[in-house]
Amino acid sequence: MALTLTLSLPSKTSHPKLVGKEIQYGTAGFRTLADDLDFVMYRMGLLAVLRSKCTKAVIGIMITASHNPLQDNGVKLVDPHGEMLDQKWEKLATDIVNVGDGQLESVLLDIIRSESIEISEPGKVFVGRDTRPSGVALLNSAIDGIKDLHGELRDFGIVTTPMLHYFVDESNKGNEAWVSSYFAKLTKAFKHFCGEISISGAYSPKIVFDGANGVGAIKMGMLASFLDKDFLEVEIHNGGEGILNFECGADFVKVQQKLPKGLEGIKPGEKGVSVDGDADRIVYFYLDDSHVFHLLDGDKIASLVAGYINELLQECKLKLNLGVVQTAYANGASTKYITENLKIPVDCVSTGVKYLHHKALERDIGVYFEANGHGTVVFSKAALEVIEKASVDQSLLPSERLAAAKLNSLLQISNPAVGDALSDILLVESVLRSKHWGLKEWEVAYTDLPNRLLKVKVEDKNNVQTTDAGRRCTAPAGLQEEIDKLVKSYPSGRSFVRSSGTEDAVRIYAESDTQRNADELATKVAIKVYQMAGGVGEAPSPPSV
Ligand code: 16G
Ligand code: MG
């Protein structure tokens, strides 16, 4: 039957497309200068309604540019289970954003036809944004798009990215999706877990919190109000008085390996925690007695949490399949520790939460973390049922039942929709409290191999193509062979290059036995990239040896 559907888009003329270069739905959605995003938001409002009609479920729109500077903003769509947008639809998003105003309706109609969308289905969209001032106008543009396709809207206002993912997931499961129910769920499980465990040994429930001057600080304040100080004592810094992500936040601390602005007064041994601008990443850190800075990143969190889950599984003798998922950026020492010491299998996937999340779902219990602090614990419904049953099974030993009960409440603390800085803090604190550990006791499990991350600007980042989860380079021809030759001459050497999914650049990672060697290897590889992949601007300086 011929489709005679036509679309009228009354707000289209208020959101004209900027003439400019093509933009792509990248690793975590569209992200660029906020001033360039008006028409993108409008079109994402339209697309979200179509996606909702297509999946017959609530879809989320999150307006954030995460750890990027204040003047940037971005948008990503959240799929029905709270996961990242389906990859086929990422392509549709790119198509819809890059057509001229004149073709917008016909491209929408193409999507309706190709995806067999029933236009009379309701379209339900949840929206949220971070604290960027540009978010208000951008939200209104998205709302225009939603209304033009007669979608229903629920605006959560300023929320963390993981909260929006959680609301979408819960709503589609038929559960309540309220800010208060989110905090109640996390803190109830945390209190349940910790209630039985006294504070002793090196453990302290106090954290010195760096909120990156963003939404994480606001929501941490709310979370803390649900917990008294015996559970979690939070000293909030960078609560919004300074500039978002400026010299603070998880990305700054991880990349610069130093204290964030505003936390200079942290005392040796105190637990520092930084989140990023939309609170989906965390890193821990502390100063030792000599005021030397120590970082505990996503790799350390993965090893702590997976190690503890493994202990509980052994105690309750449940044969569930536990695995860890990392990316090529995971420190080699962490992968070795998890596979050889903890004896937990590790999968390596491409960079980006969506890849880790999907891989982790293949396990009964999957722990995934990127080194930069994105991660969570996911588990199957069947695994949870087995654990719940064991926790009350009178044929088991009391110690076995107790271990199953602990595992059950630990899993309730995680946000299964996506990596969530707030729930990750509660997870880490639960494990530390249970082990009576401070950060030093946690840190000693393994020592990171010294490493270096560099980036090189090139004419076209698509010149660099990779395979094997970003670990081997297939273009330009000959570059991988050059990298292999360089790596061979460094003890415990490892290096790879990949084009960034969020910036116009090629990233270079190297690790080796000493910092000097890691720096030297990274620099030599960066020079090769510059020479062979069309480097622009100043060439990387050769190592000084
Ligand atoms: C995005 C990704 C993050 C990844 C980073 C890599 C999400 C929510 N975020 O921030 O997982 O580590 O990109 O950036 O997926 P790059 O491609 O520029 O190296
Ligand atoms: Mg983020």
# chains A, B, ... in the order shown; residues from 1 in each chain; ligands from 1
>>> residues_around(residues="Thr514 of chain A", least_positions_apart="3", cutoff="9 Å", atoms="only C-alpha atoms", output="PDB file with N, CA and C atoms, in the first residue's frame")
ATOM      1  N   LEU A 449      51.584  -0.231  35.598  1.00  0.00           N
ATOM      2  CA  LEU A 449      52.757  -0.002  34.748  1.00  0.00           C
ATOM      3  C   LEU A 449      52.763   1.472  34.357  1.00  0.00           C
ATOM      4  N   PRO A 450      53.927   2.134  34.404  1.00  0.00           N
ATOM      5  CA  PRO A 450      53.967   3.539  33.975  1.00  0.00           C
ATOM      6  C   PRO A 450      53.433   3.666  32.548  1.00  0.00           C
ATOM      7  N   ASN A 451      52.683   4.705  32.293  1.00  0.00           N
ATOM      8  CA  ASN A 451      52.058   4.840  30.969  1.00  0.00           C
ATOM      9  C   ASN A 451      51.991   6.294  30.550  1.00  0.00           C
ATOM     10  N   PRO A 491      61.086  -2.840  27.621  1.00  0.00           N
ATOM     11  CA  PRO A 491      60.626  -3.885  28.538  1.00  0.00           C
ATOM     12  C   PRO A 491      59.162  -3.669  28.911  1.00  0.00           C
ATOM     13  N   GLU A 511      52.779   1.983  27.333  1.00  0.00           N
ATOM     14  CA  GLU A 511      53.214   1.675  28.691  1.00  0.00           C
ATOM     15  C   GLU A 511      54.508   0.875  28.635  1.00  0.00           C
ATOM     16  N   ASN A 517      60.648   5.290  30.006  1.00  0.00           N
ATOM     17  CA  ASN A 517      60.465   4.423  28.837  1.00  0.00           C
ATOM     18  C   ASN A 517      59.072   4.574  28.231  1.00  0.00           C
ATOM     19  N   ALA A 518      58.064   4.686  29.099  1.00  0.00           N
ATOM     20  CA  ALA A 518      56.688   4.851  28.583  1.00  0.00           C
ATOM     21  C   ALA A 518      56.594   6.163  27.799  1.00  0.00           C
ATOM     22  N   ASP A 519      57.185   7.222  28.343  1.00  0.00           N
ATOM     23  CA  ASP A 519      57.152   8.530  27.667  1.00  0.00           C
ATOM     24  C   ASP A 519      57.875   8.458  26.320  1.00  0.00           C
TER      25      ASP A 519
END
>>> select_by_dssp(residues="segment 154-358 of chain A", states="strand (DSSP E)", output="PyMOL selection string")
chain A and resi 154-158+206-210+233-237+272-275+282-287+293-296+322-327+346-349
>>> write_last_selection(atoms="N, CA and C atoms", output="mmCIF file, in the first residue's frame")
data_model
loop_
_atom_site.group_PDB
_atom_site.id
_atom_site.type_symbol
_atom_site.label_atom_id
_atom_site.label_comp_id
_atom_site.auth_asym_id
_atom_site.auth_seq_id
_atom_site.Cartn_x
_atom_site.Cartn_y
_atom_site.Cartn_z
ATOM 1 N N ARG A 154 8.356 14.143 29.371
ATOM 2 C CA ARG A 154 8.519 14.300 30.820
ATOM 3 C C ARG A 154 9.912 14.872 31.065
ATOM 4 N N ASP A 155 9.945 16.052 31.688
ATOM 5 C CA ASP A 155 11.206 16.767 31.871
ATOM 6 C C ASP A 155 11.700 16.549 33.301
ATOM 7 N N PHE A 156 12.865 15.911 33.447
ATOM 8 C CA PHE A 156 13.425 15.659 34.774
ATOM 9 C C PHE A 156 14.306 16.804 35.256
ATOM 10 N N GLY A 157 14.460 17.838 34.437
ATOM 11 C CA GLY A 157 15.275 18.986 34.854
ATOM 12 C C GLY A 157 16.746 18.605 34.917
ATOM 13 N N ILE A 158 17.447 19.130 35.914
ATOM 14 C CA ILE A 158 18.886 18.857 36.032
ATOM 15 C C ILE A 158 19.091 17.523 36.748
ATOM 16 N N LYS A 206 34.288 8.483 55.614
ATOM 17 C CA LYS A 206 34.327 9.864 55.106
ATOM 18 C C LYS A 206 34.963 9.930 53.710
ATOM 19 N N ILE A 207 34.323 10.679 52.811
ATOM 20 C CA ILE A 207 34.957 10.979 51.519
ATOM 21 C C ILE A 207 35.028 12.497 51.312
ATOM 22 N N VAL A 208 36.102 12.915 50.668
ATOM 23 C CA VAL A 208 36.251 14.327 50.299
ATOM 24 C C VAL A 208 35.913 14.372 48.806
ATOM 25 N N PHE A 209 34.809 15.020 48.501
ATOM 26 C CA PHE A 209 34.172 14.845 47.196
ATOM 27 C C PHE A 209 34.382 16.059 46.293
ATOM 28 N N ASP A 210 34.866 15.788 45.076
ATOM 29 C CA ASP A 210 35.047 16.839 44.063
ATOM 30 C C ASP A 210 33.892 16.705 43.060
ATOM 31 N N GLU A 233 30.013 9.899 55.131
ATOM 32 C CA GLU A 233 30.167 11.311 55.497
ATOM 33 C C GLU A 233 30.815 12.002 54.301
ATOM 34 N N VAL A 234 30.127 12.966 53.754
ATOM 35 C CA VAL A 234 30.621 13.565 52.503
ATOM 36 C C VAL A 234 30.962 15.039 52.708
ATOM 37 N N GLU A 235 32.197 15.379 52.379
ATOM 38 C CA GLU A 235 32.599 16.798 52.412
ATOM 39 C C GLU A 235 32.638 17.259 50.953
ATOM 40 N N ILE A 236 31.668 18.083 50.578
ATOM 41 C CA ILE A 236 31.549 18.426 49.151
ATOM 42 C C ILE A 236 32.369 19.663 48.799
ATOM 43 N N HIS A 237 33.190 19.531 47.773
ATOM 44 C CA HIS A 237 33.932 20.666 47.200
ATOM 45 C C HIS A 237 33.533 20.791 45.731
ATOM 46 N N GLY A 272 39.853 10.928 48.601
ATOM 47 C CA GLY A 272 39.333 11.888 47.633
ATOM 48 C C GLY A 272 38.552 11.139 46.562
ATOM 49 N N VAL A 273 37.464 11.737 46.097
ATOM 50 C CA VAL A 273 36.678 11.143 45.006
ATOM 51 C C VAL A 273 36.290 12.254 44.038
ATOM 52 N N SER A 274 36.567 12.060 42.758
ATOM 53 C CA SER A 274 36.138 13.035 41.745
ATOM 54 C C SER A 274 35.140 12.404 40.796
ATOM 55 N N VAL A 275 34.114 13.159 40.445
ATOM 56 C CA VAL A 275 33.202 12.732 39.383
ATOM 57 C C VAL A 275 33.354 13.708 38.213
ATOM 58 N N ILE A 282 33.902 8.024 37.935
ATOM 59 C CA ILE A 282 34.580 8.395 39.180
ATOM 60 C C ILE A 282 36.006 7.916 39.183
ATOM 61 N N VAL A 283 36.838 8.630 39.913
ATOM 62 C CA VAL A 283 38.156 8.122 40.303
ATOM 63 C C VAL A 283 38.347 8.452 41.773
ATOM 64 N N TYR A 284 39.115 7.616 42.458
ATOM 65 C CA TYR A 284 39.500 7.852 43.852
ATOM 66 C C TYR A 284 40.960 8.311 43.869
ATOM 67 N N PHE A 285 41.357 8.993 44.908
ATOM 68 C CA PHE A 285 42.766 9.407 45.050
ATOM 69 C C PHE A 285 43.057 9.745 46.494
ATOM 70 N N TYR A 286 44.351 9.786 46.824
ATOM 71 C CA TYR A 286 44.760 10.227 48.166
ATOM 72 C C TYR A 286 46.183 10.736 48.123
ATOM 73 N N LEU A 287 46.554 11.458 49.171
ATOM 74 C CA LEU A 287 47.949 11.881 49.344
ATOM 75 C C LEU A 287 48.564 10.980 50.403
ATOM 76 N N PHE A 293 50.818 12.189 45.445
ATOM 77 C CA PHE A 293 49.465 11.916 44.954
ATOM 78 C C PHE A 293 49.348 10.467 44.447
ATOM 79 N N HIS A 294 48.293 9.773 44.830
ATOM 80 C CA HIS A 294 48.043 8.406 44.340
ATOM 81 C C HIS A 294 46.648 8.352 43.728
ATOM 82 N N LEU A 295 46.567 7.766 42.541
ATOM 83 C CA LEU A 295 45.283 7.677 41.839
ATOM 84 C C LEU A 295 44.778 6.232 41.844
ATOM 85 N N LEU A 296 43.488 6.058 42.128
ATOM 86 C CA LEU A 296 42.867 4.731 41.988
ATOM 87 C C LEU A 296 41.759 4.894 40.954
ATOM 88 N N LEU A 322 31.316 -15.178 36.207
ATOM 89 C CA LEU A 322 31.691 -13.775 36.462
ATOM 90 C C LEU A 322 32.784 -13.363 35.486
ATOM 91 N N GLY A 323 32.679 -12.189 34.911
ATOM 92 C CA GLY A 323 33.726 -11.718 34.006
ATOM 93 C C GLY A 323 33.914 -10.220 34.120
ATOM 94 N N VAL A 324 35.090 -9.784 33.694
ATOM 95 C CA VAL A 324 35.409 -8.348 33.698
ATOM 96 C C VAL A 324 35.565 -7.911 32.245
ATOM 97 N N VAL A 325 35.118 -6.695 31.942
ATOM 98 C CA VAL A 325 35.319 -6.152 30.601
ATOM 99 C C VAL A 325 36.128 -4.860 30.722
ATOM 100 N N GLN A 326 37.167 -4.774 29.903
ATOM 101 C CA GLN A 326 38.017 -3.590 29.881
ATOM 102 C C GLN A 326 38.211 -3.129 28.436
ATOM 103 N N THR A 327 38.936 -2.029 28.270
ATOM 104 C CA THR A 327 39.335 -1.614 26.923
ATOM 105 C C THR A 327 40.861 -1.656 26.846
ATOM 106 N N VAL A 346 38.936 -11.832 31.498
ATOM 107 C CA VAL A 346 38.810 -10.429 31.091
ATOM 108 C C VAL A 346 38.600 -10.361 29.582
ATOM 109 N N ASP A 347 37.574 -9.636 29.155
ATOM 110 C CA ASP A 347 37.378 -9.370 27.724
ATOM 111 C C ASP A 347 37.816 -7.949 27.446
ATOM 112 N N CYS A 348 38.417 -7.761 26.272
ATOM 113 C CA CYS A 348 38.809 -6.411 25.876
ATOM 114 C C CYS A 348 37.938 -5.993 24.689
ATOM 115 N N VAL A 349 37.282 -4.844 24.799
ATOM 116 C CA VAL A 349 36.418 -4.368 23.705
ATOM 117 C C VAL A 349 36.803 -2.947 23.323
#
>>> residues_around(residues="segment 373-383 of chain A", least_positions_apart="5", cutoff="6 Å", atoms="only C-alpha atoms", output="PyMOL selection string")
chain A and resi 281-283+297-298+364-368+416+419
>>> write_last_selection(atoms="all heavy atoms", output="CSV table (one decimal), in the first residue's frame")
chain,number,residue,atom,x,y,z
A,281,ARG,N,31.3,9.1,35.7
A,281,ARG,CA,32.6,8.5,36.0
A,281,ARG,C,33.1,8.9,37.4
A,281,ARG,O,32.8,10.0,37.8
A,281,ARG,CB,33.7,9.1,35.1
A,281,ARG,CG,33.5,9.3,33.7
A,281,ARG,CD,34.9,9.7,33.2
A,281,ARG,NE,35.0,10.1,31.9
A,281,ARG,CZ,36.1,10.6,31.3
A,281,ARG,NH1,37.2,10.7,32.0
A,281,ARG,NH2,36.0,10.9,30.0
A,282,ILE,N,33.9,8.0,37.9
A,282,ILE,CA,34.6,8.4,39.2
A,282,ILE,C,36.0,7.9,39.2
A,282,ILE,O,36.3,6.9,38.6
A,282,ILE,CB,34.0,7.8,40.5
A,282,ILE,CG1,33.8,6.3,40.4
A,282,ILE,CG2,32.8,8.5,40.9
A,282,ILE,CD1,33.6,5.7,41.8
A,283,VAL,N,36.8,8.6,39.9
A,283,VAL,CA,38.2,8.1,40.3
A,283,VAL,C,38.3,8.5,41.8
A,283,VAL,O,37.8,9.4,42.3
A,283,VAL,CB,39.3,8.7,39.5
A,283,VAL,CG1,39.2,8.3,38.0
A,283,VAL,CG2,39.3,10.2,39.5
A,297,ASP,N,42.0,4.4,39.8
A,297,ASP,CA,41.2,4.7,38.6
A,297,ASP,C,40.2,3.6,38.4
A,297,ASP,O,40.0,2.7,39.2
A,297,ASP,CB,42.0,5.0,37.4
A,297,ASP,CG,42.8,3.8,37.0
A,297,ASP,OD1,42.7,2.7,37.6
A,297,ASP,OD2,43.6,3.9,36.0
A,298,GLY,N,39.6,3.6,37.2
A,298,GLY,CA,38.5,2.6,36.9
A,298,GLY,C,39.1,1.1,36.9
A,298,GLY,O,38.4,0.2,37.3
A,364,ASP,N,26.9,-14.0,33.6
A,364,ASP,CA,25.9,-14.0,34.7
A,364,ASP,C,26.0,-12.7,35.5
A,364,ASP,O,25.1,-12.0,35.8
A,364,ASP,CB,26.0,-15.2,35.6
A,364,ASP,CG,25.8,-16.5,34.9
A,364,ASP,OD1,24.9,-16.5,34.0
A,364,ASP,OD2,26.4,-17.5,35.2
A,365,ILE,N,27.3,-12.4,35.8
A,365,ILE,CA,27.6,-11.1,36.5
A,365,ILE,C,28.8,-10.5,35.7
A,365,ILE,O,29.9,-11.2,35.6
A,365,ILE,CB,28.0,-11.3,38.0
A,365,ILE,CG1,26.9,-12.1,38.7
A,365,ILE,CG2,28.3,-10.0,38.6
A,365,ILE,CD1,27.3,-12.4,40.2
A,366,GLY,N,28.6,-9.4,35.2
A,366,GLY,CA,29.7,-8.7,34.4
A,366,GLY,C,30.1,-7.4,35.1
A,366,GLY,O,29.2,-6.6,35.4
A,367,VAL,N,31.4,-7.2,35.3
A,367,VAL,CA,31.9,-6.0,35.9
A,367,VAL,C,32.7,-5.3,34.8
A,367,VAL,O,33.6,-5.9,34.2
A,367,VAL,CB,32.9,-6.3,37.1
A,367,VAL,CG1,33.5,-5.0,37.6
A,367,VAL,CG2,32.2,-7.1,38.1
A,368,TYR,N,32.2,-4.1,34.4
A,368,TYR,CA,33.0,-3.4,33.4
A,368,TYR,C,33.4,-2.0,33.8
A,368,TYR,O,32.7,-1.3,34.5
A,368,TYR,CB,32.2,-3.3,32.1
A,368,TYR,CG,31.0,-2.3,32.0
A,368,TYR,CD1,31.2,-1.0,31.8
A,368,TYR,CD2,29.7,-2.8,32.1
A,368,TYR,CE1,30.1,-0.1,31.7
A,368,TYR,CE2,28.6,-1.9,32.1
A,368,TYR,CZ,28.9,-0.6,31.8
A,368,TYR,OH,27.8,0.3,31.7
A,416,PRO,N,22.2,-0.8,37.1
A,416,PRO,CA,22.4,-1.8,36.0
A,416,PRO,C,22.2,-1.2,34.6
A,416,PRO,O,22.5,-1.8,33.6
A,416,PRO,CB,21.4,-2.9,36.2
A,416,PRO,CG,20.3,-2.2,37.0
A,416,PRO,CD,20.9,-1.1,37.8
A,419,GLY,N,27.0,2.9,33.7
A,419,GLY,CA,28.0,3.4,34.8
A,419,GLY,C,27.5,4.6,35.4
A,419,GLY,O,27.0,5.6,34.8
>>> select_by_dssp(residues="segment 176-374 of chain A", states="alpha helix (DSSP H)", output="JSON, numbers by chain")
{"A": [179, 180, 181, 182, 183, 184, 185, 186, 187, 188, 189, 190, 191, 192, 193, 194, 195, 215, 216, 217, 218, 219, 220, 221, 222, 223, 224, 225, 249, 250, 251, 252, 253, 254, 255, 256, 298, 299, 300, 301, 302, 303, 304, 305, 306, 307, 308, 309, 310, 311, 312, 313, 314, 315, 316, 332, 333, 334, 335, 336, 353, 354, 355, 356, 357, 358, 359, 360]}
>>> residues_near_ligand(ligand="ligand 2", cutoff="8 Å", atoms="only C-alpha atoms and all ligand atoms", output="NGL selection string")
:A and (65-67 or 161 or 276-281 or 374)
>>> closest_residue(among="A:Val353, A:Ala405, A:Ala390, A:Ala302", to="ligand 1", atoms="only C-alpha atoms and all ligand atoms")
A:Val353
>>> closest_residue(among="A:Trp178, A:Tyr329, A:Trp442, A:Phe246", to="ligand 1", atoms="only C-alpha atoms and all ligand atoms")
A:Tyr329
>>> residues_near_ligand(ligand="ligand 1", cutoff="10 Å", atoms="only C-alpha atoms and all ligand atoms", output="VMD selection string")
chain A and resid 26 to 29 31 65 to 68 76 83 to 84 161 to 162 251 278 280 to 281 327 329 350 to 357 369 to 375 418 to 419 455 498 to 508
>>> write_last_selection(atoms="N, CA and C atoms", output="compact mmCIF listing (two decimals), in the first residue's frame")
# COMPACT_ATOMS: atom_id res chain seq x y z
N GLY A 26 28.76 10.61 17.64
CA GLY A 26 30.02 9.97 18.03
C GLY A 26 29.84 8.94 19.13
N THR A 27 30.94 8.65 19.82
CA THR A 27 30.93 7.60 20.85
C THR A 27 29.82 7.83 21.86
N ALA A 28 29.58 9.11 22.20
CA ALA A 28 28.55 9.38 23.20
C ALA A 28 27.62 10.48 22.72
N GLY A 29 27.20 10.39 21.46
CA GLY A 29 26.23 11.34 20.91
C GLY A 29 26.91 12.50 20.20
N ARG A 31 28.43 16.12 20.12
CA ARG A 31 29.05 16.98 21.13
C ARG A 31 29.88 18.05 20.42
N ALA A 65 27.57 17.69 27.91
CA ALA A 65 28.84 17.45 27.25
C ALA A 65 29.83 16.92 28.28
N SER A 66 29.27 16.22 29.31
CA SER A 66 30.10 15.44 30.23
C SER A 66 31.28 16.24 30.80
N HIS A 67 32.50 15.75 30.56
CA HIS A 67 33.71 16.36 31.15
C HIS A 67 34.24 17.51 30.29
N ASN A 68 33.61 17.78 29.17
CA ASN A 68 34.12 18.81 28.26
C ASN A 68 33.87 20.22 28.84
N LYS A 76 22.58 12.98 23.71
CA LYS A 76 22.54 11.56 23.34
C LYS A 76 21.18 10.99 23.66
N GLU A 83 20.03 1.70 27.91
CA GLU A 83 21.34 1.57 27.30
C GLU A 83 21.53 2.65 26.22
N MET A 84 22.74 2.70 25.66
CA MET A 84 23.02 3.68 24.61
C MET A 84 22.20 3.35 23.36
N THR A 161 23.57 12.03 34.07
CA THR A 161 23.28 11.16 32.91
C THR A 161 22.78 9.78 33.37
N PRO A 162 23.48 9.15 34.32
CA PRO A 162 23.00 7.81 34.72
C PRO A 162 21.61 7.83 35.34
N ASP A 251 37.95 13.67 34.90
CA ASP A 251 38.82 13.64 33.73
C ASP A 251 40.12 14.39 34.02
N ASP A 278 28.86 15.16 34.25
CA ASP A 278 27.51 14.58 34.25
C ASP A 278 27.43 13.36 35.16
N ASP A 280 28.95 10.40 35.41
CA ASP A 280 28.95 8.98 35.03
C ASP A 280 30.35 8.37 35.13
N ARG A 281 31.29 9.10 35.71
CA ARG A 281 32.60 8.50 35.96
C ARG A 281 33.09 8.88 37.35
N THR A 327 38.94 -2.03 28.27
CA THR A 327 39.33 -1.61 26.92
C THR A 327 40.86 -1.66 26.85
N TYR A 329 42.81 0.61 26.90
CA TYR A 329 43.43 1.59 27.81
C TYR A 329 43.62 1.07 29.22
N SER A 350 36.19 -2.45 22.26
CA SER A 350 36.47 -1.09 21.80
C SER A 350 36.08 -0.07 22.86
N THR A 351 36.71 1.10 22.77
CA THR A 351 36.42 2.20 23.69
C THR A 351 34.98 2.69 23.54
N GLY A 352 34.35 3.03 24.65
CA GLY A 352 32.95 3.51 24.62
C GLY A 352 32.08 2.60 25.47
N VAL A 353 31.27 3.22 26.33
CA VAL A 353 30.47 2.46 27.30
C VAL A 353 29.60 1.41 26.62
N LYS A 354 29.03 1.73 25.46
CA LYS A 354 28.10 0.78 24.84
C LYS A 354 28.76 -0.58 24.57
N TYR A 355 30.03 -0.54 24.17
CA TYR A 355 30.69 -1.81 23.86
C TYR A 355 30.94 -2.63 25.14
N LEU A 356 31.34 -1.93 26.18
CA LEU A 356 31.62 -2.63 27.44
C LEU A 356 30.34 -3.21 28.02
N HIS A 357 29.30 -2.38 27.99
CA HIS A 357 28.03 -2.78 28.59
C HIS A 357 27.49 -4.06 27.92
N PHE A 369 34.62 -1.68 33.52
CA PHE A 369 35.12 -0.34 33.81
C PHE A 369 36.14 0.06 32.77
N GLU A 370 36.03 1.30 32.30
CA GLU A 370 37.11 1.89 31.54
C GLU A 370 38.10 2.49 32.54
N ALA A 371 39.35 2.59 32.12
CA ALA A 371 40.35 3.16 33.03
C ALA A 371 39.93 4.56 33.50
N ASN A 372 39.22 5.28 32.64
CA ASN A 372 38.83 6.66 32.98
C ASN A 372 37.68 6.74 34.00
N GLY A 373 37.17 5.59 34.44
CA GLY A 373 36.21 5.60 35.55
C GLY A 373 34.75 5.39 35.18
N HIS A 374 34.46 5.09 33.89
CA HIS A 374 33.09 4.72 33.50
C HIS A 374 32.89 3.25 33.79
N GLY A 375 31.85 2.89 34.53
CA GLY A 375 31.62 1.46 34.69
C GLY A 375 30.54 1.13 35.69
N VAL A 418 23.58 1.72 33.42
CA VAL A 418 24.80 2.33 32.88
C VAL A 418 25.72 2.69 34.04
N GLY A 419 27.01 2.92 33.72
CA GLY A 419 27.95 3.35 34.75
C GLY A 419 27.46 4.63 35.43
N LYS A 455 48.24 12.85 22.14
CA LYS A 455 47.39 12.92 20.95
C LYS A 455 48.08 13.72 19.86
N ARG A 498 44.66 5.01 18.06
CA ARG A 498 43.29 4.94 17.51
C ARG A 498 42.77 6.36 17.35
N SER A 499 41.86 6.52 16.38
CA SER A 499 41.32 7.87 16.23
C SER A 499 40.24 8.07 17.28
N SER A 500 40.23 9.28 17.83
CA SER A 500 39.29 9.60 18.91
C SER A 500 37.86 9.60 18.38
N GLY A 501 36.92 9.18 19.22
CA GLY A 501 35.51 9.25 18.84
C GLY A 501 34.86 10.55 19.28
N THR A 502 35.59 11.38 20.00
CA THR A 502 35.00 12.61 20.53
C THR A 502 35.75 13.87 20.10
N GLU A 503 36.95 13.70 19.55
CA GLU A 503 37.75 14.87 19.15
C GLU A 503 38.37 14.59 17.79
N ASP A 504 38.80 15.66 17.16
CA ASP A 504 39.46 15.53 15.87
C ASP A 504 40.95 15.22 16.07
N ALA A 505 41.26 14.04 16.52
CA ALA A 505 42.66 13.73 16.83
C ALA A 505 42.87 12.23 16.87
N VAL A 506 44.15 11.84 16.83
CA VAL A 506 44.52 10.43 16.98
C VAL A 506 45.18 10.28 18.35
N ARG A 507 44.74 9.31 19.12
CA ARG A 507 45.33 9.12 20.46
C ARG A 507 46.39 8.03 20.42
N ILE A 508 47.41 8.24 21.21
CA ILE A 508 48.52 7.28 21.31
C ILE A 508 48.64 6.86 22.76
>>> residues_around(residues="Ala212 of chain A", least_positions_apart="5", cutoff="6 Å", atoms="only C-alpha atoms", output="PyMOL selection string")
chain A and resi 238+244-245+248-249+276-277
>>> atom_distance(atom1="atom CA of Leu396 of chain A", atom2="atom CA of Gly307 of chain A")
22.9 Å
>>> closest_residue(among="A:Leu149, A:Leu5, A:Met222, A:Ile23", to="Gly45 of chain A", atoms="only C-alpha atoms")
A:Leu149
>>> atom_distance(atom1="atom CA of Gln314 of chain A", atom2="atom CA of Glu388 of chain A")
15.6 Å
>>> residues_around(residues="Pro10 of chain A", least_positions_apart="5", cutoff="10 Å", atoms="only C-alpha atoms", output="list in words")
Asp144, Gly145, Lys147, Asp148 and Leu149 of chain A
>>> write_last_selection(atoms="C-alpha atoms", output="compact mmCIF listing (two decimals), in the first residue's frame")
# COMPACT_ATOMS: atom_id res chain seq x y z
CA ASP A 144 9.91 21.74 19.86
CA GLY A 145 10.98 18.62 17.98
CA LYS A 147 5.94 18.43 20.05
CA ASP A 148 6.13 18.67 16.27
CA LEU A 149 5.72 14.89 16.13
